[in-house]
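The structure file final.txt is reproduced below (compact mmCIF, C-alpha atoms and all ligand atoms).
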```
# COMPACT_ATOMS: atom_id res chain seq x y z
CA MET A 1 -3.69 10.99 33.57
CA ASN A 2 -5.69 8.34 35.37
CA THR A 3 -5.91 4.83 34.01
CA PRO A 4 -8.95 4.95 31.74
CA VAL A 5 -11.89 2.77 32.68
CA VAL A 6 -13.16 2.61 29.10
CA VAL A 7 -11.01 2.64 25.98
CA ALA A 8 -13.02 2.72 22.75
CA GLU A 9 -11.25 2.29 19.43
CA ASN A 10 -12.79 2.92 16.02
CA LEU A 11 -16.29 2.13 17.20
CA THR A 12 -18.60 1.83 14.24
CA ARG A 13 -22.30 1.09 13.97
CA HIS A 14 -23.97 0.94 10.60
CA TYR A 15 -27.55 -0.08 9.89
CA ASP A 16 -28.68 -1.68 6.66
CA VAL A 17 -32.13 -0.39 5.88
CA LYS A 18 -34.59 -1.54 3.26
CA GLY A 19 -36.07 0.97 0.87
CA GLY A 20 -39.71 1.95 1.27
CA LEU A 21 -42.31 3.75 -0.75
CA PHE A 22 -40.62 7.11 -0.33
CA SER A 23 -37.10 6.15 0.64
CA LYS A 24 -34.15 4.40 -0.86
CA GLY A 25 -32.53 1.57 1.03
CA GLY A 26 -28.89 1.58 1.93
CA THR A 27 -26.50 1.81 4.82
CA VAL A 28 -27.09 4.31 7.61
CA ARG A 29 -23.68 5.29 8.92
CA ALA A 30 -24.83 6.18 12.42
CA VAL A 31 -21.37 6.03 14.02
CA SER A 32 -18.03 5.52 12.26
CA GLU A 33 -14.53 5.00 13.63
CA THR A 34 -15.01 6.79 16.90
CA SER A 35 -12.32 6.49 19.56
CA PHE A 36 -12.19 7.89 23.08
CA LYS A 37 -11.23 7.16 26.64
CA LEU A 38 -13.27 7.57 29.81
CA GLU A 39 -11.45 8.20 33.07
CA PRO A 40 -12.72 7.65 36.59
CA GLY A 41 -14.08 10.87 38.08
CA LYS A 42 -14.16 12.62 34.70
CA THR A 43 -16.84 13.65 32.25
CA LEU A 44 -16.54 13.29 28.52
CA ALA A 45 -19.32 15.23 26.82
CA VAL A 46 -20.59 14.25 23.38
CA VAL A 47 -22.11 17.12 21.42
CA GLY A 48 -23.54 17.55 17.95
CA GLU A 49 -26.79 18.04 16.07
CA SER A 50 -29.71 15.64 16.13
CA GLY A 51 -28.87 12.44 14.27
CA CYS A 52 -25.08 12.73 14.56
CA GLY A 53 -24.87 9.40 16.40
CA LYS A 54 -24.84 10.34 20.10
CA SER A 55 -27.45 7.85 21.27
CA THR A 56 -26.05 5.14 19.03
CA LEU A 57 -22.69 5.62 20.73
CA ALA A 58 -24.49 5.41 24.09
CA ARG A 59 -26.10 2.10 23.09
CA LEU A 60 -22.74 0.65 22.05
CA ILE A 61 -21.00 1.57 25.29
CA THR A 62 -23.94 0.30 27.35
CA MET A 63 -23.85 -3.01 25.45
CA ILE A 64 -27.44 -2.58 24.31
CA GLU A 65 -26.13 -3.03 20.77
CA GLU A 66 -23.03 -4.59 19.28
CA PRO A 67 -20.69 -2.48 17.16
CA THR A 68 -20.46 -3.30 13.46
CA SER A 69 -16.72 -2.97 13.92
CA GLY A 70 -14.24 -1.49 16.34
CA THR A 71 -13.60 -2.47 19.93
CA PHE A 72 -13.92 -1.24 23.44
CA ALA A 73 -12.40 -2.40 26.67
CA ILE A 74 -13.56 -1.94 30.24
CA GLY A 75 -10.83 -2.00 32.85
CA GLY A 76 -8.44 -3.35 30.21
CA ASP A 77 -10.69 -6.29 29.31
CA ASN A 78 -12.07 -6.35 25.76
CA VAL A 79 -15.84 -6.39 25.60
CA THR A 80 -17.11 -9.15 23.30
CA PRO A 81 -20.27 -11.26 23.25
CA GLU A 82 -18.32 -13.73 25.42
CA THR A 83 -17.33 -11.16 28.05
CA TRP A 84 -20.49 -9.00 28.00
CA ALA A 85 -22.03 -10.70 30.98
CA ARG A 86 -19.23 -9.80 33.35
CA HIS A 87 -19.19 -6.14 32.27
CA ARG A 88 -22.90 -5.45 32.05
CA ALA A 89 -23.08 -4.00 35.54
CA ASP A 90 -20.08 -1.71 34.96
CA VAL A 91 -21.85 0.62 32.56
CA GLN A 92 -25.34 1.94 33.28
CA ILE A 93 -27.46 4.44 31.44
CA VAL A 94 -29.87 7.24 32.30
CA PHE A 95 -32.23 8.30 29.52
CA GLN A 96 -33.74 11.66 28.73
CA ASP A 97 -37.35 10.90 29.51
CA PRO A 98 -38.00 10.37 33.23
CA TYR A 99 -41.66 9.66 32.47
CA GLY A 100 -41.22 6.79 30.06
CA SER A 101 -38.29 5.14 31.81
CA LEU A 102 -39.98 4.15 35.10
CA ASN A 103 -42.62 1.42 35.27
CA PRO A 104 -45.80 3.14 36.56
CA ARG A 105 -46.99 -0.01 38.30
CA GLN A 106 -43.88 -0.50 40.40
CA ARG A 107 -43.17 1.19 43.71
CA ILE A 108 -39.89 3.11 43.90
CA GLY A 109 -38.38 0.57 46.29
CA SER A 110 -39.08 -2.26 43.90
CA ILE A 111 -37.75 -0.24 40.92
CA LEU A 112 -34.47 0.24 42.79
CA GLU A 113 -34.23 -3.36 43.94
CA GLU A 114 -34.91 -4.85 40.54
CA PRO A 115 -31.35 -4.64 39.13
CA LEU A 116 -30.10 -6.46 42.25
CA LYS A 117 -32.81 -9.11 41.94
CA ILE A 118 -31.71 -9.82 38.40
CA ASN A 119 -27.95 -9.55 38.76
CA ARG A 120 -27.39 -10.67 42.36
CA PRO A 121 -30.13 -13.26 42.87
CA ASP A 122 -28.38 -14.62 45.95
CA MET A 123 -28.47 -11.35 47.87
CA PRO A 124 -30.78 -11.59 50.92
CA ALA A 125 -33.94 -9.49 50.59
CA ALA A 126 -33.14 -7.42 53.69
CA GLU A 127 -29.73 -6.46 52.33
CA ARG A 128 -31.28 -5.56 48.99
CA GLU A 129 -33.82 -3.32 50.64
CA ALA A 130 -31.18 -1.64 52.79
CA LYS A 131 -29.13 -0.87 49.68
CA ALA A 132 -32.15 0.61 47.92
CA ARG A 133 -32.95 2.78 50.94
CA ASP A 134 -29.35 4.03 51.13
CA MET A 135 -29.44 4.89 47.45
CA LEU A 136 -32.69 6.81 47.83
CA LYS A 137 -30.98 8.98 50.41
CA LEU A 138 -27.86 9.40 48.31
CA VAL A 139 -29.87 10.93 45.45
CA GLY A 140 -31.67 13.31 47.79
CA LEU A 141 -35.04 11.59 48.20
CA ARG A 142 -36.79 10.82 51.49
CA PRO A 143 -37.38 7.45 53.21
CA GLU A 144 -41.15 7.71 52.77
CA HIS A 145 -40.67 7.85 49.00
CA PHE A 146 -39.70 4.17 49.05
CA ASP A 147 -43.30 2.95 48.90
CA ARG A 148 -44.65 5.48 46.42
CA TYR A 149 -45.37 5.10 42.72
CA PRO A 150 -43.64 7.09 39.93
CA HIS A 151 -46.72 9.21 39.11
CA MET A 152 -46.46 10.81 42.54
CA PHE A 153 -43.15 12.45 41.62
CA SER A 154 -42.11 15.48 39.61
CA GLY A 155 -39.86 15.17 36.56
CA GLY A 156 -36.79 16.13 38.57
CA GLN A 157 -37.54 13.60 41.30
CA ARG A 158 -38.13 10.91 38.70
CA GLN A 159 -34.76 11.65 37.18
CA ARG A 160 -33.25 11.24 40.68
CA ILE A 161 -34.94 7.83 40.83
CA ALA A 162 -33.57 6.90 37.39
CA VAL A 163 -30.08 7.88 38.55
CA ALA A 164 -30.52 5.88 41.75
CA ARG A 165 -31.59 2.81 39.79
CA ALA A 166 -28.58 3.18 37.49
CA LEU A 167 -26.26 3.23 40.50
CA MET A 168 -27.67 0.15 42.26
CA LEU A 169 -25.14 -2.21 40.68
CA GLU A 170 -22.22 0.07 41.58
CA PRO A 171 -21.21 0.81 37.99
CA LYS A 172 -17.92 2.44 37.04
CA VAL A 173 -19.43 4.34 34.14
CA LEU A 174 -22.67 6.25 33.79
CA VAL A 175 -23.91 7.08 30.32
CA LEU A 176 -26.20 10.11 30.54
CA ASP A 177 -28.18 10.61 27.34
CA GLU A 178 -29.65 14.12 27.51
CA PRO A 179 -30.40 13.59 31.21
CA VAL A 180 -31.87 17.05 31.84
CA SER A 181 -33.29 18.07 28.44
CA ALA A 182 -36.82 17.08 29.43
CA LEU A 183 -36.74 19.06 32.69
CA ASP A 184 -37.66 22.65 33.50
CA LEU A 185 -34.67 24.96 33.52
CA SER A 186 -34.99 25.58 37.25
CA ILE A 187 -34.79 21.84 37.94
CA GLN A 188 -31.97 21.14 35.49
CA SER A 189 -29.26 22.65 37.66
CA GLN A 190 -30.38 20.64 40.69
CA ILE A 191 -29.99 17.41 38.77
CA LEU A 192 -26.68 18.51 37.25
CA ASN A 193 -25.37 19.39 40.70
CA LEU A 194 -26.49 16.01 42.00
CA LEU A 195 -24.57 14.34 39.16
CA VAL A 196 -21.44 16.36 39.95
CA ASP A 197 -21.74 15.43 43.62
CA LEU A 198 -22.25 11.72 42.88
CA GLN A 199 -19.28 11.71 40.53
CA GLU A 200 -17.03 13.13 43.24
CA ARG A 201 -18.24 10.72 45.88
CA LEU A 202 -18.21 7.59 43.77
CA GLY A 203 -15.40 8.31 41.29
CA LEU A 204 -17.73 7.64 38.36
CA ALA A 205 -16.77 8.19 34.74
CA TYR A 206 -19.50 9.98 32.77
CA LEU A 207 -20.26 9.84 29.09
CA PHE A 208 -22.47 12.89 29.00
CA ILE A 209 -24.60 13.43 25.92
CA SER A 210 -26.16 16.80 25.35
CA HIS A 211 -26.97 19.18 22.56
CA ASP A 212 -27.12 22.04 25.08
CA LEU A 213 -23.69 23.63 25.16
CA SER A 214 -24.39 25.68 28.28
CA VAL A 215 -25.05 22.41 30.12
CA VAL A 216 -21.90 20.92 28.61
CA LYS A 217 -19.92 23.94 29.73
CA HIS A 218 -21.03 23.24 33.28
CA MET A 219 -20.40 19.49 33.24
CA ALA A 220 -17.60 18.48 30.89
CA ASP A 221 -13.91 17.89 31.42
CA ASP A 222 -13.39 16.92 27.81
CA ILE A 223 -15.57 17.25 24.75
CA ILE A 224 -16.02 15.22 21.61
CA VAL A 225 -17.84 17.04 18.81
CA MET A 226 -19.63 14.68 16.40
CA TYR A 227 -20.78 15.40 12.87
CA LEU A 228 -22.65 12.78 10.83
CA GLY A 229 -21.35 9.91 12.92
CA ARG A 230 -17.73 10.96 13.19
CA PRO A 231 -15.81 12.97 15.74
CA VAL A 232 -14.61 16.20 14.13
CA GLU A 233 -12.95 17.75 17.16
CA VAL A 234 -11.81 16.49 20.55
CA GLY A 235 -10.23 18.32 23.43
CA PRO A 236 -10.39 19.73 26.92
CA LYS A 237 -13.52 21.80 27.55
CA ALA A 238 -11.72 25.08 28.12
CA GLU A 239 -9.85 24.81 24.82
CA ILE A 240 -12.88 23.83 22.79
CA PHE A 241 -14.87 26.76 24.12
CA ALA A 242 -12.05 29.29 23.93
CA LYS A 243 -10.41 28.16 20.69
CA PRO A 244 -12.60 25.92 18.58
CA ARG A 245 -10.56 24.57 15.67
CA HIS A 246 -13.13 22.90 13.44
CA PRO A 247 -15.47 25.23 11.52
CA TYR A 248 -18.40 23.07 12.63
CA THR A 249 -17.52 23.51 16.30
CA LYS A 250 -17.22 27.23 15.72
CA ALA A 251 -20.65 27.33 14.15
CA LEU A 252 -22.18 25.27 16.98
CA LEU A 253 -20.69 27.56 19.61
CA SER A 254 -21.72 30.68 17.79
CA ALA A 255 -25.34 29.51 17.84
CA THR A 256 -25.42 29.02 21.62
CA PRO A 257 -26.24 31.84 23.98
CA MET A 258 -23.66 31.73 26.76
CA ALA A 259 -23.78 33.50 30.05
CA ASP A 260 -20.78 35.64 29.21
CA PRO A 261 -21.73 39.18 28.18
CA LYS A 262 -18.15 40.02 27.23
CA ALA A 263 -17.86 37.17 24.76
CA LYS A 264 -17.67 38.41 21.23
CA LYS A 265 -20.34 36.71 19.25
CA THR A 266 -20.75 36.64 15.54
CA ARG A 267 -23.36 34.11 14.73
CA ILE A 268 -22.28 31.78 11.96
CA LYS A 269 -25.22 30.62 9.97
CA LEU A 270 -24.73 27.21 8.42
CA GLU A 271 -25.88 27.01 4.84
CA GLY A 272 -27.70 23.97 3.55
CA GLU A 273 -29.31 20.99 5.18
CA LEU A 274 -27.62 18.47 7.39
CA PRO A 275 -26.99 15.56 5.00
CA SER A 276 -28.49 12.16 5.83
CA PRO A 277 -26.27 9.47 7.35
CA LEU A 278 -27.70 7.28 4.58
CA ASN A 279 -25.82 9.42 2.13
CA VAL A 280 -22.67 10.77 3.73
CA PRO A 281 -20.87 13.16 1.37
CA ALA A 282 -17.49 12.05 0.02
CA GLY A 283 -14.49 13.92 1.33
CA CYS A 284 -15.16 15.99 4.44
CA ALA A 285 -18.81 15.39 5.42
CA PHE A 286 -19.06 19.02 6.53
CA ALA A 287 -17.79 20.42 3.23
CA PRO A 288 -21.25 21.09 1.71
CA ARG A 289 -22.06 23.45 4.61
CA CYS A 290 -18.61 24.88 5.27
CA TRP A 291 -17.83 28.51 4.47
CA LYS A 292 -14.13 27.76 4.13
CA VAL A 293 -14.46 24.82 1.77
CA LYS A 294 -11.76 24.20 -0.84
CA ASP A 295 -11.50 21.54 -3.59
CA LYS A 296 -9.40 19.29 -1.40
CA CYS A 297 -12.21 19.07 1.18
CA ARG A 298 -14.59 17.57 -1.35
CA ALA A 299 -12.04 15.04 -2.58
CA GLU A 300 -10.46 13.75 0.60
CA ARG A 301 -11.69 13.05 4.10
CA PRO A 302 -9.56 14.77 6.74
CA THR A 303 -8.61 12.49 9.60
CA LEU A 304 -8.64 13.32 13.27
CA GLY A 305 -5.19 13.26 14.86
CA ASP A 306 -4.79 11.90 18.35
CA GLU A 307 -2.59 14.49 20.02
CA GLY A 308 -3.78 17.30 22.29
CA HIS A 309 -6.75 19.03 20.72
CA PRO A 310 -7.20 17.54 17.25
CA ALA A 311 -9.67 18.61 14.58
CA ALA A 312 -10.57 16.68 11.44
CA CYS A 313 -10.11 19.63 9.11
CA PHE A 314 -7.57 20.53 6.42
CA PHE A 315 -7.86 24.21 7.25
CA PRO A 316 -8.52 24.45 10.98
CA GLU A 317 -8.52 27.66 12.94
CA ALA A 318 -5.07 28.26 14.41
N1 LIG A 401 -31.95 1.02 14.46
C1 LIG A 401 -31.70 1.93 13.52
N2 LIG A 401 -31.92 1.67 12.22
C2 LIG A 401 -31.65 2.57 11.26
N3 LIG A 401 -31.16 3.80 11.51
C3 LIG A 401 -30.92 4.12 12.78
C4 LIG A 401 -31.17 3.23 13.87
N4 LIG A 401 -30.84 3.84 15.02
C5 LIG A 401 -30.40 5.06 14.69
N5 LIG A 401 -30.44 5.24 13.35
C6 LIG A 401 -30.04 6.44 12.61
O1 LIG A 401 -28.70 6.74 12.97
C7 LIG A 401 -28.49 8.14 13.05
C8 LIG A 401 -27.97 8.50 14.41
O2 LIG A 401 -29.01 8.35 15.35
P1 LIG A 401 -28.84 8.70 16.90
O3 LIG A 401 -30.11 8.37 17.57
O4 LIG A 401 -27.61 8.05 17.42
O5 LIG A 401 -28.63 10.28 16.87
P2 LIG A 401 -28.55 11.33 18.08
O6 LIG A 401 -27.27 12.09 17.87
O7 LIG A 401 -28.74 10.64 19.37
O8 LIG A 401 -29.77 12.30 17.75
P3 LIG A 401 -30.72 13.10 18.79
O9 LIG A 401 -29.94 14.34 19.19
O10 LIG A 401 -31.92 13.45 17.95
O11 LIG A 401 -31.04 12.21 19.94
C9 LIG A 401 -29.83 8.78 12.73
O12 LIG A 401 -29.84 9.13 11.36
C10 LIG A 401 -30.82 7.68 13.00
O13 LIG A 401 -31.96 7.83 12.19
MG MG A 402 -30.16 10.78 20.88
```
Translate this structure into structure tokens?
Amino acid sequence: MNTPVVVAENLTRHYDVKGGLFSKGGTVRAVSETSFKLEPGKTLAVVGESGCGKSTLARLITMIEEPTSGTFAIGGDNVTPETWARHRADVQIVFQDPYGSLNPRQRIGSILEEPLKINRPDMPAAEREAKARDMLKLVGLRPEHFDRYPHMFSGGQRQRIAVARALMLEPKVLVLDEPVSALDLSIQSQILNLLVDLQERLGLAYLFISHDLSVVKHMADDIIVMYLGRPVEVGPKAEIFAKPRHPYTKALLSATPMADPKAKKTRIKLEGELPSPLNVPAGCAFAPRCWKVKDKCRAERPTLGDEGHPAACFFPEA
């Protein structure tokens, strides 16, 4: 195993919310006690239903928000408000929406140069421009695109620009939050292939967030399955797909059409609503929807081990 570039331990982010006319106040447990490692050149995919805490995790790792508790280290150095500044450039993020994320009034060249202007104010303008032009090429765009505005590009090209901008500060880690969900299917694979290619060339570690398991199957080395803010299963991609251990993972996989006609598929239909992170059930949070639930599951929360391919379940599949 490579030396990890990011080590996250028990990351937790809770939000205290006030009650409103139709809602009770309380604590939203967006992410609780989540641990993982990111290795150079590898992709850790985060999967789970809407609201399970994927983007919150992304914001913590990108230092957009501070964790309520828990720690993470970059290159062995703990990230704290005191050390943020020197790690900011190491982790960059690409968001889902390539339309909202680029300033329509800025030319592409200036969009790419901006991170350098802010973080390396002493860099000569000519060097900055040269770096931006190199990056444009690296993501598969043409030199004449440098002076154009975002509205002149397709969604796929805009996502290339967003990736280029994220790479300008030579980060070690790229957080990709649903980077292709907003794109046409035919364009998705081009962007995914670009990301694979960039990872190989630059040795980047990816935290890859997606609710699309066929995309995850293409991209991931390892997978972390989240449910209501907690990881419920972690392991190498091949094992998670071939032998899911947590009932929730099994249900997720069974609901995804995969390009494997031989795969036996019995769709597991989850009963009941996804509970709110404002009101996480006691015991196993998945118990109210689980078809294998026993008394113990409602009384006690199963913990996730840390060996091999752990699942937070008292009665996992073999
Ligand atoms: N600033 C905030 N204040 C209060 N609650 C929040 C805040 N940010 C996120 N949440 C809540 O935390 C939970 C996790 O949100 P998050 O955006 O991380 O989910 P997600 O897995 O990214 O979902 P999606 O797949 O829809 O993008 C949700 O219930 C969300 O409403
Ligand atoms: Mg999200």
Next on the checklist: I'd like the contact shell of Lys292 (chain A) - 10 Å cut-off, all atoms listed in the file, skipping same-chain residues fewer than 2 positions apart - returned as a list in words.
Outcome noted: Pro247, Ala287, Arg289, Cys290, Lys294, Cys297, Phe315 and Pro316 of chain A
- Once you count only C-alpha atoms and all ligand atoms, which residues end up within 12 Å of ligand MG 402 (chain A), and could you hand them over as a ChimeraX atom specification? /A:30,46-59,94-97,175-179,181,208-211,229
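You can rank A:Lys131, A:Arg230, A:Arg107, A:Arg142 by their closest distance to ligand LIG 401 (chain A) using all atoms listed in the file, and at the top of that list sits A:Arg230.
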Counting all atoms listed in the file, closest pick from A:Asp134, A:Asp221, A:Asp16, A:Glu239 relative to Val196 (chain A) is A:Asp221
So that I can check the surroundings of Pro40 (chain A), please list as number ranges by chain every protein, DNA and RNA residue that reaches within 8 Å of it, counting only C-alpha atoms and ignoring chain neighbours fewer than 4 positions away.
A: 2-5, 172-173, 203-205
Notebook entry, point to check: Got a sec: who's within 8 Å of Thr12 (chain A), counting all atoms listed in the file, leaving out chain neighbours fewer than 3 positions off, as an MDAnalysis selection string?
Noted result: chainID A and resid 30:34 67:70
Could you turn the residues from that selection into a file that holds C-alpha atoms, as an mmCIF file, keeping the file's coordinate frame?
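The resulting file, again.cif, is reproduced below:
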```cif
data_model
loop_
_atom_site.group_PDB
_atom_site.id
_atom_site.type_symbol
_atom_site.label_atom_id
_atom_site.label_comp_id
_atom_site.auth_asym_id
_atom_site.auth_seq_id
_atom_site.Cartn_x
_atom_site.Cartn_y
_atom_site.Cartn_z
ATOM 1 C CA ALA A 30 -24.830 6.180 12.420
ATOM 2 C CA VAL A 31 -21.370 6.030 14.020
ATOM 3 C CA SER A 32 -18.030 5.520 12.260
ATOM 4 C CA GLU A 33 -14.530 5.000 13.630
ATOM 5 C CA THR A 34 -15.010 6.790 16.900
ATOM 6 C CA PRO A 67 -20.690 -2.480 17.160
ATOM 7 C CA THR A 68 -20.460 -3.300 13.460
ATOM 8 C CA SER A 69 -16.720 -2.970 13.920
ATOM 9 C CA GLY A 70 -14.240 -1.490 16.340
#
```
Shortest contact to Pro98 (chain A), candidates A:Ile161, A:Met168, A:Ile118, A:Leu136, atoms counted all atoms listed in the file, goes to A:Ile161
Any idea what's packed within 12 Å of Phe153 (chain A), counting all atoms listed in the file, ignoring anything in its chain fewer than 5 positions away? Could you give it as a ChimeraX atom specification?
/A:98-99,102,104,107-108,141-142,145-148,158-162
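Nearest-residue note for Gln92 (chain A): choosing from A:Gly140, A:Leu169, A:Ser110, A:Ile74, the minimum distance belongs to A:Leu169, counting all atoms listed in the file.
Atom pair CA of Phe72 (chain A) / CA of Leu207 (chain A) has a distance of 14.0 Å (rounded to one decimal).
CA of Val234 (chain A) is positioned 26.8 Å from CA of Arg201 (chain A).
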Report the centre and edge lengths, in Å to one decimal, of an axis-aligned box enclosing every atom of ligand LIG 401 (chain A) listed in the file, padded by 3 Å on each side, as lines of an AutoDock Vina configuration file.
```
center_x = -29.6
center_y = 7.7
center_z = 15.6
size_x = 10.7
size_y = 19.3
size_z = 14.7
```
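When CA of Val28 (chain A) is paired with CA of Gly272 (chain A), their separation reads 20.1 Å.
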Judged by only C-alpha atoms, the minimum distance to Ala312 (chain A) among A:Tyr149, A:Tyr227, A:Phe241, A:Trp291 is found for A:Tyr227
Mind completing region 213-221 of chain A with all heavy atoms? Output as a PDB file, keeping the file's coordinate frame, please?
```
ATOM      1  N   LEU A 213     -25.089  23.336  24.845  1.00  0.00           N
ATOM      2  CA  LEU A 213     -23.690  23.630  25.160  1.00  0.00           C
ATOM      3  C   LEU A 213     -23.519  24.359  26.493  1.00  0.00           C
ATOM      4  O   LEU A 213     -22.451  24.290  27.095  1.00  0.00           O
ATOM      5  CB  LEU A 213     -23.044  24.421  24.029  1.00  0.00           C
ATOM      6  CG  LEU A 213     -22.782  23.574  22.781  1.00  0.00           C
ATOM      7  CD1 LEU A 213     -22.367  24.450  21.619  1.00  0.00           C
ATOM      8  CD2 LEU A 213     -21.712  22.525  23.040  1.00  0.00           C
ATOM      9  N   SER A 214     -24.556  25.029  26.970  1.00  0.00           N
ATOM     10  CA  SER A 214     -24.390  25.680  28.280  1.00  0.00           C
ATOM     11  C   SER A 214     -24.372  24.618  29.383  1.00  0.00           C
ATOM     12  O   SER A 214     -23.668  24.767  30.382  1.00  0.00           O
ATOM     13  CB  SER A 214     -25.459  26.737  28.516  1.00  0.00           C
ATOM     14  OG  SER A 214     -26.735  26.197  28.291  1.00  0.00           O
ATOM     15  N   VAL A 215     -25.099  23.534  29.174  1.00  0.00           N
ATOM     16  CA  VAL A 215     -25.050  22.410  30.120  1.00  0.00           C
ATOM     17  C   VAL A 215     -23.684  21.731  30.036  1.00  0.00           C
ATOM     18  O   VAL A 215     -23.057  21.412  31.047  1.00  0.00           O
ATOM     19  CB  VAL A 215     -26.191  21.409  29.820  1.00  0.00           C
ATOM     20  CG1 VAL A 215     -25.975  20.102  30.552  1.00  0.00           C
ATOM     21  CG2 VAL A 215     -27.537  22.009  30.181  1.00  0.00           C
ATOM     22  N   VAL A 216     -23.208  21.553  28.819  1.00  0.00           N
ATOM     23  CA  VAL A 216     -21.900  20.920  28.610  1.00  0.00           C
ATOM     24  C   VAL A 216     -20.799  21.753  29.261  1.00  0.00           C
ATOM     25  O   VAL A 216     -19.879  21.230  29.885  1.00  0.00           O
ATOM     26  CB  VAL A 216     -21.641  20.721  27.106  1.00  0.00           C
ATOM     27  CG1 VAL A 216     -20.192  20.366  26.840  1.00  0.00           C
ATOM     28  CG2 VAL A 216     -22.570  19.643  26.567  1.00  0.00           C
ATOM     29  N   LYS A 217     -20.927  23.054  29.151  1.00  0.00           N
ATOM     30  CA  LYS A 217     -19.920  23.940  29.730  1.00  0.00           C
ATOM     31  C   LYS A 217     -19.831  23.737  31.237  1.00  0.00           C
ATOM     32  O   LYS A 217     -18.763  23.806  31.829  1.00  0.00           O
ATOM     33  CB  LYS A 217     -20.274  25.398  29.413  1.00  0.00           C
ATOM     34  CG  LYS A 217     -19.114  26.345  29.639  1.00  0.00           C
ATOM     35  CD  LYS A 217     -19.399  27.705  29.067  1.00  0.00           C
ATOM     36  CE  LYS A 217     -18.099  28.511  29.056  1.00  0.00           C
ATOM     37  NZ  LYS A 217     -18.304  29.868  28.587  1.00  0.00           N
ATOM     38  N   HIS A 218     -20.960  23.460  31.838  1.00  0.00           N
ATOM     39  CA  HIS A 218     -21.030  23.240  33.280  1.00  0.00           C
ATOM     40  C   HIS A 218     -20.445  21.877  33.673  1.00  0.00           C
ATOM     41  O   HIS A 218     -19.811  21.732  34.710  1.00  0.00           O
ATOM     42  CB  HIS A 218     -22.488  23.346  33.708  1.00  0.00           C
ATOM     43  CG  HIS A 218     -22.717  23.219  35.181  1.00  0.00           C
ATOM     44  ND1 HIS A 218     -22.256  24.140  36.080  1.00  0.00           N
ATOM     45  CD2 HIS A 218     -23.359  22.272  35.904  1.00  0.00           C
ATOM     46  CE1 HIS A 218     -22.604  23.774  37.302  1.00  0.00           C
ATOM     47  NE2 HIS A 218     -23.274  22.632  37.218  1.00  0.00           N
ATOM     48  N   MET A 219     -20.664  20.872  32.820  1.00  0.00           N
ATOM     49  CA  MET A 219     -20.400  19.490  33.240  1.00  0.00           C
ATOM     50  C   MET A 219     -19.087  18.886  32.746  1.00  0.00           C
ATOM     51  O   MET A 219     -18.516  18.035  33.418  1.00  0.00           O
ATOM     52  CB  MET A 219     -21.531  18.586  32.709  1.00  0.00           C
ATOM     53  CG  MET A 219     -22.889  18.845  33.300  1.00  0.00           C
ATOM     54  SD  MET A 219     -22.938  18.589  35.075  1.00  0.00           S
ATOM     55  CE  MET A 219     -22.855  16.789  35.184  1.00  0.00           C
ATOM     56  N   ALA A 220     -18.629  19.274  31.562  1.00  0.00           N
ATOM     57  CA  ALA A 220     -17.600  18.480  30.890  1.00  0.00           C
ATOM     58  C   ALA A 220     -16.195  18.729  31.419  1.00  0.00           C
ATOM     59  O   ALA A 220     -15.869  19.813  31.884  1.00  0.00           O
ATOM     60  CB  ALA A 220     -17.622  18.786  29.392  1.00  0.00           C
ATOM     61  N   ASP A 221     -15.363  17.708  31.355  1.00  0.00           N
ATOM     62  CA  ASP A 221     -13.910  17.890  31.420  1.00  0.00           C
ATOM     63  C   ASP A 221     -13.385  17.951  29.998  1.00  0.00           C
ATOM     64  O   ASP A 221     -12.656  18.850  29.642  1.00  0.00           O
ATOM     65  CB  ASP A 221     -13.269  16.727  32.187  1.00  0.00           C
ATOM     66  CG  ASP A 221     -13.660  16.758  33.653  1.00  0.00           C
ATOM     67  OD1 ASP A 221     -13.264  17.701  34.338  1.00  0.00           O
ATOM     68  OD2 ASP A 221     -14.391  15.840  34.101  1.00  0.00           O
TER      69      ASP A 221
END
```
